[in-house]
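Asker: If you scroll down you'll find the structure; I have some questions about it.
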Amino acid sequence: MKATSLRLWLPACLMCWGLLGACASLPNVNELGARLDAADAPSVHGKNGELSAARTKALFTKRYTKNTLDLQQQAALEEAATGVPLIAGNKTTLLFDGPQTMSEMLKAIEGAKNSINLETYIFDQDGMGMKFADALIERRKAGVAVNIIYDSVGTIGVPKEFFQRMRDAGISLLEFNPVNPAKLSGDSWKINNRDHRKVLIVDGRIAFTGGINISGTYSKSSLFRSRNKASKGEDDVGWRDTHIKVEGPAVHAFQYLFVRQWTSQDRADLIDADFFPNPIIAGDKVVRVIASDPGGHFEIFKAYNLAMQEAKKSIHLTSAYFVPDKQTVEALKAAARRGVDVKIVLPGVSDSGLVFHAGRSFYDELLESGVKIYQLKLAVLHAKTAVIDGKWSTVGSTNIDTRSFMHNSELNVVVLGDAFGNEMERAFQEDMRDSVQITLEQWRDRPWLDRMKEWAAQLTNYWL
């Protein structure tokens, strides 16, 4: 079995075996929203601490547009629900697809002077993985502190010698929740809880996150996806993904979350470095860095659903693995019925047949309510993004599925404002141009074999 298949199947199989149906549940965001209606004004932090009420009001006044999402109200609701403040003074760069992202991350690594912290689900021993490993080793030899968290399931097929080479060079590595219980430092085997984050932090001043793992698979741009697919193998199909680069005070939030994740594993100390240098104003973007963990407070789930509930104009989602819970389905249906333009770009081909068919089991009720569904052609969709009313945007590692919301450690950045929202809209429109719309009529005319696959896959929704 391929390593990619093991990465997708192992957590689900072991969870089914271990939990025997004892399922937790997501919080009721409808009830939460009702309780938060009178939420106070949001708090916004800058490089020198919390901004005054007057400066906060001015920030939101610049970003206010009638007949769309009330950003100040949304920000207040989101903070009350997640406990995470906004951070001002940042520069955000949308990275569209793998080659652009890999280039920017390698450039940041090669320019590191003090520290590099990398957290990734997959770190493959292929051409791209070796390129990153070599760059990290070179920086460590130059005296830069290098710390890496890699997920045990995500790297299940990678030879241990690949990581040992980096350890021998002085890099500190942590295997997150080892599959092999003999490697545990404590007495809790949390095989189903995975670290799905993709985070790179350099010198405490530049941070990256999104959907792209350290693997050559993600370096094949969808912009160059095969025009002669029939003559090429599965490994030649391009992947469509999205990342974001953040500079400014918000990088400290990324750094804090990395340190917290490291210490949660009860392992050796991080290599000492100046992880929190004095922040500088890098731009005018207001962001919120939201992380969620298994057994936590479902921060990302709450942020997503509150934004969809508050949408006035549009909800444009791109989701690699789409197996939504009932609340998310109802939020999308309700938005479409109140006249919101709800469009979702989903995979037309996938690296996980089970997840693919489970997601398609929701198409009928979504289409019937007025949600528009598009399937990306040729490329394997791996992006996880949303833009709501053109001014609430998020990029991160979180899929719209129960696994991401409940069982994985995930991280998303929320960016407020029209400027970044317009960039997100342009990327979304490009994906739509490369997609085929699924209509209700044609969907109900699909083969019975497909219906049976969807029914069977839907039985496993909780574990996907």
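Letters for chains follow the order of the structure tokens (A, B, ...), residue numbers begin at 1 for each chain, and ligand numbers begin at 1 in the order shown.
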At a cut-off of 8 Å, can you tabulate as a tab-separated table every residue of segment 297-375 of chain A near segment 431-441 of chain A together with its closest atom pair and the distance in Å to one decimal, using only C-alpha atoms and ordering rows by chain then number?

Answerer:
residue	atom	partner	partner_atom	distance
A:Val345	CA	A:Met432	CA	6.9
A:Asp364	CA	A:Leu440	CA	6.8
A:Leu367	CA	A:Leu440	CA	5.7
A:Glu368	CA	A:Leu440	CA	6.6
A:Lys372	CA	A:Gln437	CA	7.4
A:Ile373	CA	A:Ile438	CA	5.6
A:Tyr374	CA	A:Gln437	CA	4.3
A:Gln375	CA	A:Ser435	CA	5.1

Asker: List as a ChimeraX atom specification the protein and nucleic acid residues near Leu270 of chain A, meaning an atom at most 12 Å away when only C-alpha atoms are counted, but skip any in the same chain fewer than 5 places from it.

Answerer: /A:115-118,145-149,170-174,258-263,265,275

Asker: Of the candidates A:Ser314, A:Asn180, A:Gln72, A:Asn30, which one gets nearest to Val44 of chain A if we count only C-alpha atoms?

Answerer: A:Gln72

Asker: Using only C-alpha atoms, pick whichever of A:Arg197, A:Lys245, A:Lys47, A:Lys302 has the shortest atom-to-atom distance to Asn278 of chain A.

Answerer: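 For Asn278 of chain A, the nearest of the given residues is A:Lys47.
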
Asker: Pick out each residue of segment 397-453 of chain A that DSSP on the backbone tags as helix (DSSP H, G or I); I need them as a ChimeraX atom specification.

Answerer: /A:402-407,418-433,440-443,448-453

Asker: Set the distance at 10 Å and use only C-alpha atoms: which residues neighbour segment 326-329 of chain A once local chain neighbours fewer than 5 positions away are removed? I'd like the list as number ranges by chain.

Answerer: A: 26-30, 301, 304-305, 308-309, 334, 362-363, 365-366, 400-401

Asker: I need the chosen residues saved as a PDB file, in the first residue's frame, with N, CA, C and O atoms.

Answerer:
ATOM      1  N   LEU A  26     -19.501  18.185  18.081  1.00  0.00           N
ATOM      2  CA  LEU A  26     -19.140  19.583  17.881  1.00  0.00           C
ATOM      3  C   LEU A  26     -20.122  20.486  18.625  1.00  0.00           C
ATOM      4  O   LEU A  26     -21.287  20.122  18.804  1.00  0.00           O
ATOM      5  N   PRO A  27     -19.694  21.677  19.042  1.00  0.00           N
ATOM      6  CA  PRO A  27     -20.585  22.575  19.774  1.00  0.00           C
ATOM      7  C   PRO A  27     -21.677  23.135  18.878  1.00  0.00           C
ATOM      8  O   PRO A  27     -21.514  23.229  17.661  1.00  0.00           O
ATOM      9  N   ASN A  28     -22.806  23.500  19.477  1.00  0.00           N
ATOM     10  CA  ASN A  28     -23.917  24.091  18.734  1.00  0.00           C
ATOM     11  C   ASN A  28     -23.630  25.570  18.513  1.00  0.00           C
ATOM     12  O   ASN A  28     -23.769  26.389  19.416  1.00  0.00           O
ATOM     13  N   VAL A  29     -23.216  25.913  17.300  1.00  0.00           N
ATOM     14  CA  VAL A  29     -22.828  27.299  17.008  1.00  0.00           C
ATOM     15  C   VAL A  29     -24.062  28.189  16.895  1.00  0.00           C
ATOM     16  O   VAL A  29     -23.983  29.392  17.146  1.00  0.00           O
ATOM     17  N   ASN A  30     -25.211  27.636  16.541  1.00  0.00           N
ATOM     18  CA  ASN A  30     -26.436  28.445  16.504  1.00  0.00           C
ATOM     19  C   ASN A  30     -26.754  28.999  17.878  1.00  0.00           C
ATOM     20  O   ASN A  30     -27.058  30.179  18.044  1.00  0.00           O
ATOM     21  N   PHE A 301     -13.698  25.633  13.901  1.00  0.00           N
ATOM     22  CA  PHE A 301     -15.084  25.286  13.569  1.00  0.00           C
ATOM     23  C   PHE A 301     -16.027  26.448  13.901  1.00  0.00           C
ATOM     24  O   PHE A 301     -16.903  26.819  13.104  1.00  0.00           O
ATOM     25  N   TYR A 304     -15.490  29.455  11.367  1.00  0.00           N
ATOM     26  CA  TYR A 304     -16.090  29.153  10.069  1.00  0.00           C
ATOM     27  C   TYR A 304     -17.599  29.313  10.106  1.00  0.00           C
ATOM     28  O   TYR A 304     -18.205  29.983   9.263  1.00  0.00           O
ATOM     29  N   ASN A 305     -18.232  28.666  11.069  1.00  0.00           N
ATOM     30  CA  ASN A 305     -19.694  28.657  11.091  1.00  0.00           C
ATOM     31  C   ASN A 305     -20.295  30.004  11.439  1.00  0.00           C
ATOM     32  O   ASN A 305     -21.328  30.395  10.878  1.00  0.00           O
ATOM     33  N   MET A 308     -20.182  32.064   8.246  1.00  0.00           N
ATOM     34  CA  MET A 308     -21.203  31.652   7.286  1.00  0.00           C
ATOM     35  C   MET A 308     -22.588  32.113   7.721  1.00  0.00           C
ATOM     36  O   MET A 308     -23.406  32.518   6.899  1.00  0.00           O
ATOM     37  N   GLN A 309     -22.847  32.069   9.016  1.00  0.00           N
ATOM     38  CA  GLN A 309     -24.145  32.516   9.519  1.00  0.00           C
ATOM     39  C   GLN A 309     -24.344  34.019   9.335  1.00  0.00           C
ATOM     40  O   GLN A 309     -25.470  34.484   9.117  1.00  0.00           O
ATOM     41  N   ALA A 334     -28.955  27.393   4.647  1.00  0.00           N
ATOM     42  CA  ALA A 334     -29.680  28.570   5.130  1.00  0.00           C
ATOM     43  C   ALA A 334     -29.195  29.831   4.432  1.00  0.00           C
ATOM     44  O   ALA A 334     -29.987  30.716   4.079  1.00  0.00           O
ATOM     45  N   PHE A 362     -23.470  14.635   0.125  1.00  0.00           N
ATOM     46  CA  PHE A 362     -24.192  15.836   0.563  1.00  0.00           C
ATOM     47  C   PHE A 362     -24.641  16.713  -0.617  1.00  0.00           C
ATOM     48  O   PHE A 362     -25.320  17.717  -0.405  1.00  0.00           O
ATOM     49  N   TYR A 363     -24.228  16.362  -1.812  1.00  0.00           N
ATOM     50  CA  TYR A 363     -24.495  17.222  -2.961  1.00  0.00           C
ATOM     51  C   TYR A 363     -25.978  17.488  -3.166  1.00  0.00           C
ATOM     52  O   TYR A 363     -26.380  18.618  -3.452  1.00  0.00           O
ATOM     53  N   GLU A 365     -28.771  17.585  -1.272  1.00  0.00           N
ATOM     54  CA  GLU A 365     -29.481  18.559  -0.433  1.00  0.00           C
ATOM     55  C   GLU A 365     -28.885  19.957  -0.556  1.00  0.00           C
ATOM     56  O   GLU A 365     -29.609  20.952  -0.462  1.00  0.00           O
ATOM     57  N   LEU A 366     -27.572  20.050  -0.791  1.00  0.00           N
ATOM     58  CA  LEU A 366     -26.969  21.366  -0.988  1.00  0.00           C
ATOM     59  C   LEU A 366     -27.438  21.994  -2.294  1.00  0.00           C
ATOM     60  O   LEU A 366     -27.833  23.170  -2.332  1.00  0.00           O
ATOM     61  N   ILE A 400     -13.009  21.119   5.504  1.00  0.00           N
ATOM     62  CA  ILE A 400     -14.374  21.173   6.031  1.00  0.00           C
ATOM     63  C   ILE A 400     -14.838  19.733   6.218  1.00  0.00           C
ATOM     64  O   ILE A 400     -15.589  19.167   5.416  1.00  0.00           O
ATOM     65  N   ASP A 401     -14.335  19.132   7.284  1.00  0.00           N
ATOM     66  CA  ASP A 401     -14.718  17.771   7.623  1.00  0.00           C
ATOM     67  C   ASP A 401     -14.545  17.554   9.124  1.00  0.00           C
ATOM     68  O   ASP A 401     -13.890  18.333   9.816  1.00  0.00           O
TER      69      ASP A 401
END

Asker: From a DSSP calculation on the backbone, collect every residue of segment 45-232 of chain A in strand (DSSP E) and output the set as a ChimeraX atom specification.

Answerer: /A:45-46,49-50,86-96,115-120,145-151,172-176,194-195,199-202,206-210

Asker: Export C-alpha atoms of the chosen residues as a short mmCIF file (atom, residue, chain, number, x, y, z; two decimals), in the first residue's frame?

Answerer:
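Output below, filename again06.cif:
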data_model
loop_
_atom_site.label_atom_id
_atom_site.label_comp_id
_atom_site.auth_asym_id
_atom_site.auth_seq_id
_atom_site.Cartn_x
_atom_site.Cartn_y
_atom_site.Cartn_z
CA HIS A 45 -3.35 44.12 19.30
CA GLY A 46 -0.44 45.88 17.63
CA GLY A 49 0.03 45.80 22.88
CA GLU A 50 -3.72 46.39 22.64
CA LEU A 86 -7.03 40.31 16.25
CA ILE A 87 -3.51 41.53 15.42
CA ALA A 88 -2.86 44.66 13.32
CA GLY A 89 0.16 45.84 11.33
CA ASN A 90 0.82 42.81 9.16
CA LYS A 91 1.73 42.13 5.55
CA THR A 92 0.01 39.14 3.94
CA THR A 93 1.03 37.51 0.66
CA LEU A 94 -1.27 34.98 -0.99
CA LEU A 95 0.76 32.12 -2.46
CA PHE A 96 -1.14 30.42 -5.26
CA SER A 115 15.81 30.44 14.17
CA ILE A 116 13.68 28.18 11.97
CA ASN A 117 10.64 26.35 13.35
CA LEU A 118 8.91 23.95 10.97
CA GLU A 119 5.70 22.02 11.69
CA THR A 120 4.38 19.73 8.95
CA ALA A 145 18.46 27.08 15.69
CA VAL A 146 16.32 24.60 13.72
CA ASN A 147 13.37 22.74 15.28
CA ILE A 148 11.01 20.44 13.36
CA ILE A 149 7.69 18.81 14.31
CA TYR A 150 6.58 16.12 11.86
CA ASP A 151 3.50 13.94 12.14
CA SER A 172 16.02 19.11 16.95
CA LEU A 173 13.14 16.93 15.67
CA LEU A 174 9.90 15.79 17.28
CA GLU A 175 7.74 12.96 15.92
CA PHE A 176 4.18 13.95 16.83
CA ARG A 194 -2.80 14.03 14.25
CA ASP A 195 -0.79 17.21 13.71
CA VAL A 199 3.70 26.03 9.50
CA LEU A 200 7.12 27.56 8.88
CA ILE A 201 8.41 30.39 11.08
CA VAL A 202 11.73 32.09 10.30
CA ILE A 206 8.10 35.58 8.75
CA ALA A 207 5.46 32.84 8.98
CA PHE A 208 3.85 30.59 6.40
CA THR A 209 0.78 28.37 6.61
CA GLY A 210 -1.76 26.73 4.34
#

Asker: To one decimal place, how far is atom CA of Gly83 of chain A from atom CA of Val413 of chain A in Å?

Answerer: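 It comes out at 14.5 Å.
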
Asker: Tell me, as a PDB file with N, CA and C atoms, in the first residue's frame, which residues lie within 10 Å of Gly296 of chain A, counting only C-alpha atoms; anything in the same chain fewer than 4 positions away does not count.

Answerer:
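Just written: selection31.pdb:
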ATOM      1  N   ALA A 291      -5.841  28.470  16.085  1.00  0.00           N
ATOM      2  CA  ALA A 291      -5.436  27.073  16.112  1.00  0.00           C
ATOM      3  C   ALA A 291      -6.474  26.259  16.868  1.00  0.00           C
ATOM      4  N   SER A 292      -6.587  24.996  16.507  1.00  0.00           N
ATOM      5  CA  SER A 292      -7.461  24.092  17.243  1.00  0.00           C
ATOM      6  C   SER A 292      -6.738  22.779  17.476  1.00  0.00           C
ATOM      7  N   PHE A 405     -11.986  19.240  12.183  1.00  0.00           N
ATOM      8  CA  PHE A 405     -12.580  20.029  13.267  1.00  0.00           C
ATOM      9  C   PHE A 405     -12.408  19.379  14.640  1.00  0.00           C
ATOM     10  N   MET A 406     -12.343  18.032  14.686  1.00  0.00           N
ATOM     11  CA  MET A 406     -12.367  17.353  15.977  1.00  0.00           C
ATOM     12  C   MET A 406     -11.085  16.618  16.335  1.00  0.00           C
ATOM     13  N   HIS A 407     -10.402  16.027  15.351  1.00  0.00           N
ATOM     14  CA  HIS A 407      -9.353  15.069  15.675  1.00  0.00           C
ATOM     15  C   HIS A 407      -7.944  15.513  15.299  1.00  0.00           C
ATOM     16  N   SER A 409      -4.808  18.593  15.008  1.00  0.00           N
ATOM     17  CA  SER A 409      -4.303  19.931  15.317  1.00  0.00           C
ATOM     18  C   SER A 409      -4.228  20.685  13.991  1.00  0.00           C
TER      19      SER A 409
END

Asker: For Ala427 of chain A, which residue among A:Val415, A:Ala303, A:Leu59, A:Val395 is the nearest when counting only C-alpha atoms?

Answerer: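 When distances to Ala427 of chain A are compared using only C-alpha atoms, the smallest one comes from A:Val395.
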
Asker: From the set A:Leu306, A:Ile137, A:Ile300, A:Val286, which residue has the shortest atom-to-atom contact distance to Asp418 of chain A, counting only C-alpha atoms?

Answerer: A:Val286

Asker: Here is a test: counting only C-alpha atoms, which residue of A:Thr394, A:Gln125, A:Val153, A:Ala81 is nearest to His297 of chain A?

Answerer: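 Looking at the shortest contact to His297 of chain A, the residue is A:Ala81.
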
Asker: Which residue, A:Ala386, A:Gly127, A:Ala142, A:Pro85, has the smallest gap to Ala250 of chain A when you use only C-alpha atoms?

Answerer: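 Looking only at the distances to Ala250 of chain A, the closest residue turns out to be A:Pro85.
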
Asker: Please list as a list in words every residue within 9 Å of Gln74 of chain A, counting only C-alpha atoms and excluding residues in the same chain fewer than 5 positions away.

Answerer: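 Residues near the query, excluding close chain neighbours: Pro42, Leu69, Glu79, Leu306, Ala307 and Glu310 of chain A.
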